[in-house]
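Worksheet: one structure, shown below.
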Amino acid sequence: MKITKLKTYLVPPRWLFLKIETDEGVYGWGEPVLEGHARTLAAKIAELEPLLVGQDPMCIEDIWQSLYRRGCYRGGPVLMSAISGIDMALWDIKGKAYGQPIFQLLGGPVRTKVRSYRWIGGDRPSNLIAGANELLAAGFDAVKFNICEELQFLDTYRKVDKILKQLSDLRGAVGDKMDLAFDFHGRVHYPMARVLLKELECLRPLFVEDAVVSQQIDAMASLSQATSIPLCIGERLHSRYDFKQVFEKRAAAVINPDVAHTGGISEMVRIGHMAEAYDVALAPHCPLGPIALAASLQVDAVCYNAFIQEQSLGIHYNAGGDLNDYLLPDSRFKVVDGFLPIPQKPGLGIELDEDVIARRAAIGHDWAAPLWRHEDGSVADW
């Protein structure tokens, strides 16, 4: 079997799909997207296509290493997101060729379903109680959201009190029926993160994500020592080499690598097993499309320390297209009693509706992250 073609589809709301075709008619799907840089990733896939055409798609590890190690420059969000989509598609091909779900080719499953959570509240947190109650009614028992708007390096206790009141009201509304994951989104700097973590301990969050930006591993390690709240990092790290210092410095109790940004299924499984050796939990990040979620579920199936899976069904970013819009009815995602079943069909376990993909690709998208500014006019972290 040989790879014959790579084709990308820029589809709403902010995704990029990849189809890899072979000379035997078997094909696979991947999601090589970087939010706000989808056209950049489409160009990167086109750049890599000549290196892949004619290759045996079954040689996944050799292809992964050749894409990663070829040339001087390794890692980073663009290259690793491109490798991610290619890796997903190759595993999809291999699973289909052998008539098995990917997890069976990776040693077999340790679970048949995984607990799931969804995002509420938007970029600036609002209507949190209504959003949480909606998810409770839908069977979820965990939720994640931004805890604040813009914050300066050192901000006022007036803002701290506002944050604490909003989150306390939410905790009072849902009681112990729902676990709450707090996302600082990298918009909180170290001085304010120390203050907020102390103030928020009483609300017993499931974890705090990106308490500081991912480049501040030393600061994250210091914060981890100062709080009882499990800290989570990973969506902006792109390989096992990035995670190495997280583990060695005990900077987090939870990691949330994104299968679309960290080298695909192959690297995610390596990172997950690496985390297990440090007694660190795995909670894969996935606010993206259906292919990325299907790939995440294959990882959840084989990583013992995976305990919860993010997914984006119905979130605020998905105006103009949701995950199940792109799937044939029999393979659409459905949360059951707060859990996502692991797909059991060959490959990624999903079947995409190529007619819908073609129509939506004709529309495309130009999604970009917003530009925020503080009151003094300086750029704020989004």
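By order of appearance in the structure tokens: chains A, B, ..., then residues from 1 within every chain, and ligands from 1 in the order shown.
Taking only C-alpha atoms, the non-local environment of segment 83-88 of chain A within 6 Å (same-chain residues fewer than 5 positions away omitted) comprises Gly30, Glu31, Pro32, Ala260, Gly263 and Gly264 of chain A.
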Take the selection from the previous step and output its residues with C-alpha atoms, as a PDB file, in the first residue's frame.
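selection_18.pdb was written with the following content:
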```pdb
ATOM      1  CA  GLY A  30      -6.821  13.654  10.511  1.00  0.00           C
ATOM      2  CA  GLU A  31      -7.256  17.116  12.023  1.00  0.00           C
ATOM      3  CA  PRO A  32      -4.007  19.090  11.620  1.00  0.00           C
ATOM      4  CA  ALA A 260      -4.146  17.917  17.401  1.00  0.00           C
ATOM      5  CA  GLY A 263       2.210  14.919  17.478  1.00  0.00           C
ATOM      6  CA  GLY A 264      -1.015  12.958  17.150  1.00  0.00           C
TER       7      GLY A 264
END
```
When DSSP is applied to the backbone of this structure, which of segment 143-290 of chain A are assigned alpha helix (DSSP H)? Write them out as a PyMOL selection string. chain A and resi 157-174+190-200+217-226+240-248+264-277+290
Write to file, as a CSV table (one decimal), in the first residue's frame, the residues of the selection just made, with C-alpha atoms.
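Okay, this is what ended up in result-v5.csv:
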```csv
chain,number,residue,atom,x,y,z
A,157,TYR,CA,-8.8,43.0,45.2
A,158,ARG,CA,-12.0,44.4,43.7
A,159,LYS,CA,-11.5,42.1,40.8
A,160,VAL,CA,-10.5,39.2,43.0
A,161,ASP,CA,-13.7,39.7,45.0
A,162,LYS,CA,-15.8,39.8,41.8
A,163,ILE,CA,-14.2,36.5,40.6
A,164,LEU,CA,-14.7,34.9,44.0
A,165,LYS,CA,-18.4,35.9,44.2
A,166,GLN,CA,-19.2,34.7,40.7
A,167,LEU,CA,-17.6,31.3,41.4
A,168,SER,CA,-19.0,31.0,44.9
A,169,ASP,CA,-22.5,31.6,43.5
A,170,LEU,CA,-21.9,28.9,40.9
A,171,ARG,CA,-20.7,26.4,43.6
A,172,GLY,CA,-23.7,27.3,45.7
A,173,ALA,CA,-26.0,26.7,42.7
A,174,VAL,CA,-24.7,23.3,41.7
A,190,TYR,CA,2.3,34.7,38.7
A,191,PRO,CA,1.6,37.4,41.4
A,192,MET,CA,-2.2,37.2,40.9
A,193,ALA,CA,-2.2,33.4,40.4
A,194,ARG,CA,-0.8,33.0,44.0
A,195,VAL,CA,-3.6,35.2,45.3
A,196,LEU,CA,-6.3,33.5,43.4
A,197,LEU,CA,-5.3,30.0,44.1
A,198,LYS,CA,-5.4,30.7,47.8
A,199,GLU,CA,-8.8,32.4,47.6
A,200,LEU,CA,-10.3,29.6,45.4
A,217,ILE,CA,7.2,26.0,34.2
A,218,ASP,CA,9.3,27.1,37.2
A,219,ALA,CA,6.5,29.4,38.3
A,220,MET,CA,3.9,26.6,37.9
A,221,ALA,CA,6.1,24.3,40.0
A,222,SER,CA,6.2,26.9,42.8
A,223,LEU,CA,2.4,27.4,42.6
A,224,SER,CA,1.9,23.6,42.8
A,225,GLN,CA,3.9,23.5,46.1
A,226,ALA,CA,1.8,26.4,47.5
A,240,ARG,CA,7.2,14.7,25.2
A,241,TYR,CA,10.3,16.9,25.4
A,242,ASP,CA,8.2,19.9,26.4
A,243,PHE,CA,6.5,17.7,29.1
A,244,LYS,CA,9.8,16.3,30.5
A,245,GLN,CA,10.5,19.3,32.7
A,246,VAL,CA,6.8,19.4,33.8
A,247,PHE,CA,7.2,16.0,35.3
A,248,GLU,CA,10.7,16.4,36.6
A,264,GLY,CA,-1.0,13.0,17.1
A,265,ILE,CA,-2.0,9.6,18.7
A,266,SER,CA,1.6,8.3,18.6
A,267,GLU,CA,3.0,11.1,20.7
A,268,MET,CA,0.0,11.4,23.0
A,269,VAL,CA,0.2,7.8,24.0
A,270,ARG,CA,3.9,8.3,24.8
A,271,ILE,CA,3.2,11.4,26.9
A,272,GLY,CA,0.3,9.6,28.7
A,273,HIS,CA,2.5,6.7,29.6
A,274,MET,CA,5.3,9.0,30.6
A,275,ALA,CA,2.9,10.9,32.9
A,276,GLU,CA,1.8,7.7,34.6
A,277,ALA,CA,5.3,7.0,35.7
A,290,PRO,CA,-14.8,15.4,15.5
```
Spatial neighbours of segment 3-15 of chain A, 8 Å, only C-alpha atoms, chain gap at least 2 places, as a PyMOL selection string: chain A and resi 1+17-23+31+33+35-36+38-39+42+45-46+49+52-57+288-289+317-322+357-358+360-367
Once DSSP has gone over the backbone, tell me which residues of segment 7-232 of chain A are in strand (DSSP E), as a VMD selection string. chain A and resid 7 to 11 15 to 22 27 to 30 113 to 119 142 to 146 179 to 183 208 to 209 231 to 232
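The smallest atom-to-atom distance between Ser228 of chain A and any of A:Arg204, A:Lys44, A:Arg332, A:Arg111, using only C-alpha atoms, is found for A:Arg204.
Distance check against Leu327 of chain A using only C-alpha atoms: of A:Asp353, A:Leu282, A:Ala306, A:Glu235, the minimum falls on A:Asp353.
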Please, which residues in segment 290-321 of chain A fall within 12 Å of segment 98-104 of chain A when counting only C-alpha atoms, and what is the closest atom pair and distance in Å to one decimal for each, ordered by chain then residue number, as JSON lines?
```
{"residue": "A:Ala294", "atom": "CA", "partner": "A:Ile102", "partner_atom": "CA", "distance": 10.2}
{"residue": "A:Ala295", "atom": "CA", "partner": "A:Ile102", "partner_atom": "CA", "distance": 8.8}
{"residue": "A:Ser296", "atom": "CA", "partner": "A:Phe103", "partner_atom": "CA", "distance": 10.7}
{"residue": "A:Leu297", "atom": "CA", "partner": "A:Phe103", "partner_atom": "CA", "distance": 9.0}
{"residue": "A:Gln298", "atom": "CA", "partner": "A:Phe103", "partner_atom": "CA", "distance": 5.5}
{"residue": "A:Val299", "atom": "CA", "partner": "A:Phe103", "partner_atom": "CA", "distance": 7.3}
{"residue": "A:Asp300", "atom": "CA", "partner": "A:Phe103", "partner_atom": "CA", "distance": 8.9}
{"residue": "A:Ala301", "atom": "CA", "partner": "A:Phe103", "partner_atom": "CA", "distance": 6.3}
{"residue": "A:Val302", "atom": "CA", "partner": "A:Phe103", "partner_atom": "CA", "distance": 6.2}
{"residue": "A:Cys303", "atom": "CA", "partner": "A:Phe103", "partner_atom": "CA", "distance": 9.8}
```
Top pick for closest residue to Phe339 of chain A, considering A:Gly139, A:Gly95, A:Gly28, A:Gly122 and counting only C-alpha atoms: A:Gly139
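Computed from the coordinates, the atom CA of Tyr278 of chain A to atom CA of Leu231 of chain A distance equals 14.4 Å.
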Shell of 9 Å around Ala97 of chain A, only C-alpha atoms, local chain residues under 4 positions omitted, as a ChimeraX atom specification: /A:26,92-93,346-347
Just the selected residues (C-alpha atoms), exported as a PDB file, in the first residue's frame, please.
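Saved to result12.pdb:
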```pdb
ATOM      1  CA  VAL A  26      -8.167   2.805   1.938  1.00  0.00           C
ATOM      2  CA  ASP A  92      -7.083   5.575  10.754  1.00  0.00           C
ATOM      3  CA  ILE A  93      -5.773   3.878   7.586  1.00  0.00           C
ATOM      4  CA  PRO A 346     -12.210   0.227  12.667  1.00  0.00           C
ATOM      5  CA  GLY A 347      -9.675   3.035  12.640  1.00  0.00           C
TER       6      GLY A 347
END
```
